[in-house]
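> I am attaching a structure below and will ask some questions about it afterwards.
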Amino acid sequence: MDFMVFQYPMISVQACLDGILLGILFALIAYGMALQWGVMNIINIAQGDLVILGGYIAYFMYLYGIHPAWGVIVAPFIMYFVGVGLYKLVINKVVDRDLFISILATFGISILFMQLMNFAFGADVVLANSGYGTTFLFDSAVVLPNSKIFSAFISILFAICLVIYMKKSKLGRAIRATAQNARAAKILGVDTEKVYAATFGINAALCGVAGALISITFTIHPYMGLPYTIRSFMIVIVAGLGNLPGVALSGMGLGVFEEFADYILGTEFRIGAVFLLLVLILVYRRFKLSRKREYLK
Amino acid sequence: MSKNLILYTIIIVFGLTAPFIFPAFKVQLSILCVLIVLALTWNIQGGEMGYNTFGNILFYGLGMYLCASVQVGMFFPLAEWTESGGEKTFVHTPTQFFQGIAVGLVFAAVVPTIVAGLIGYAILGLRGHYFAICTLGLGVAAGEISGGIEIIGAGQGFTTPPFPDVGGLEARGEFFYLLSFGALVLTFIAVRAIYSTRFKLILNAIRDNEDKAEAMGIQTMKYKIIGWMISAFFCGLAGGIMGGLVGYIDSTDVAFDGREMGVFMVLMAILGGKGTLWGPVIGATVFHIFKEGFWTFFLGWQYVALGVLIVVIVIYFPEGIMGWLREKYPERFGEVVDEADRKAQVELK
């Protein structure tokens, strides 16, 4: 336990800013999860592993001398096809089944990805150095790496592009129609199979962007996927499906919570705190709903 | 009934003599017993009650840590033990070891039961996938948090007391085998007993339609909690035994190992056929034989194989072995088969 955070207000400012910039990234991943949860009604436990895979794409570009920021463009392209391939191989068989089947199947995919990444890229914690330098605020009391600001900016950019795409394009309309009522969409001539594949691909592409940004700003490791899944799940259940401002806000809230947990409890309890927060949120929602004799659906 | 009696006698006799017939497989057989216990207890939630939990690993890990801590803490200072080299300075005499493990196992079984009772009211109010994800979070959180607690070894792990030297006998394998076999028999008897009562019907009613069960006047929450407590009791016991058997406890790799044990128990029950008494037993046996027989061929690709196995079983074989047998030979399962009915079903398909 460390209460420095309360004695030096500048540390709180630092934690808040760090948390908000981190939270924007979380929100991007959560947006992907909300999209495929809403459209296909499956919960993808492998979400975090897709993020890490995207991160490794940027990391490899960095290793071969290309600036990792280009990963933001390259990773989504590759990840889109990974996502579509994954859909064709596995996900299309679980779409209409019990939700637990999808959870368990994607859990299997998650274990598979983890281990394959471990073989292919090694078990080291890696980081793609962007060389963007740092910004000092308030007489150097608050230190912000420029890469974090860059990643938050890019996340917002991608989110806005996607929102416009979903609103304006034909595929976006088809996706929204399928989310509302898959059967009716089918009757009206929407090829739902294609929509599902595209949705999963877009989700994977978003994960790829987020992963590339994470590899620039933070570190990546083959086994770090599950916390990202849990974070995005948590953000989605707090915000609700299809509530975009909510996703952004609760993502930032989660980021700030994590930074403070990091300062107060210590880094070794950071992931534990995230998972515990998920349990607490679910239990809180359950008690709130049980007063009306309802339950989380 | 007499046919069953013969079957059980054969199993008991085989179980008791197995370590002496196959001395090389003592450890494997003990692990098999623990796996069957875990699959049977998971089946109470996942199979009978319809609450697919990833969180039973919490009780398993809790039991493991508790048993080892009590075993050490009864005689020696725990903090000094867990600092590296403690097990070399302090040596359990045989009496201390057996006393310790007896008391430790009682704690390992009882405390998780109480924990299950306490958190049950909060957690079991969730349904479906929220329950699954919540328990998944619970298991991982327990692993992460216990990995940060100094007194139980934190990141460097906890060595359980080594088996004492009783008159030059090398009885460690036999001792832990008999212990785990005992736990298996105990679990099986308990599960069989509760499956023949109204309790099982209530659990099934909760699985089929919880709202209607409640409307029928069943206090569903009470039975859900009791079911979870029964699971927790045997999971904790299995964990305590497994801790002694492995001899080394690590927070995320041995105790709260959601990536292995936590998934294994789900997979074994589904492979065997959830919602049946014998399904988890068969599933665990098949899974363990497959795992031990083929794991060595994969050479580091075990997790890849595990991932593929999960996907294949879940997608193509969700009914499990017992479900498949049931579809094939419904008469054997005491189902009255009407020819016209069967034809109608074929037509429907």
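Here, A, B, ... name the chains of the structure tokens in the order displayed, residue numbers run from 1 inside each chain, and ligands are numbered from 1 in the same displayed order.
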Return as a list of chain:residue names the residues belonging to chain B that are within 7 Å of chain A, counting only C-alpha atoms.

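The answer, sorted by residue number, is B:Ala122, B:Ile123, B:Gly125, B:Leu126, B:Arg127, B:His129, B:Cys134, B:Gly137, B:Leu138, B:Val140, B:Ala141, B:Glu144, B:Ile145, B:Gly148, B:Tyr303, B:Val304, B:Gly307, B:Val308, B:Ile310, B:Val311, B:Val314, B:Ile315.
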
> Determine which residues of range 125-197 of chain B receive a DSSP assignment of strand (DSSP E or B), computed from the backbone, and state them as a list in words.

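DSSP-assigned strand (DSSP E or B) residues in range 125-197 of chain B: Phe158, Thr159, Val166 and Leu169 of chain B.
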
> Store the residues picked out above, limited to C-alpha atoms, as a PDB file, in the first residue's frame.


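File produced: selection_7.pdb:
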```
ATOM      1  CA  PHE B 158       5.398 -22.628  -1.880  1.00  0.00           C
ATOM      2  CA  THR B 159       7.021 -25.997  -1.276  1.00  0.00           C
ATOM      3  CA  VAL B 166       8.823 -43.932   7.790  1.00  0.00           C
ATOM      4  CA  LEU B 169       9.632 -47.254   3.272  1.00  0.00           C
TER       5      LEU B 169
END
```

> What is the CA of Phe188 in chain B to CA of Ala142 in chain B distance in Å?

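Distance between the two atoms: 27.6 Å.
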
> Once DSSP has gone over the backbone, tell me which residues of range 159-197 of chain B are in helix (DSSP H, G or I), as a PyMOL selection string.

chain B and resi 172-195
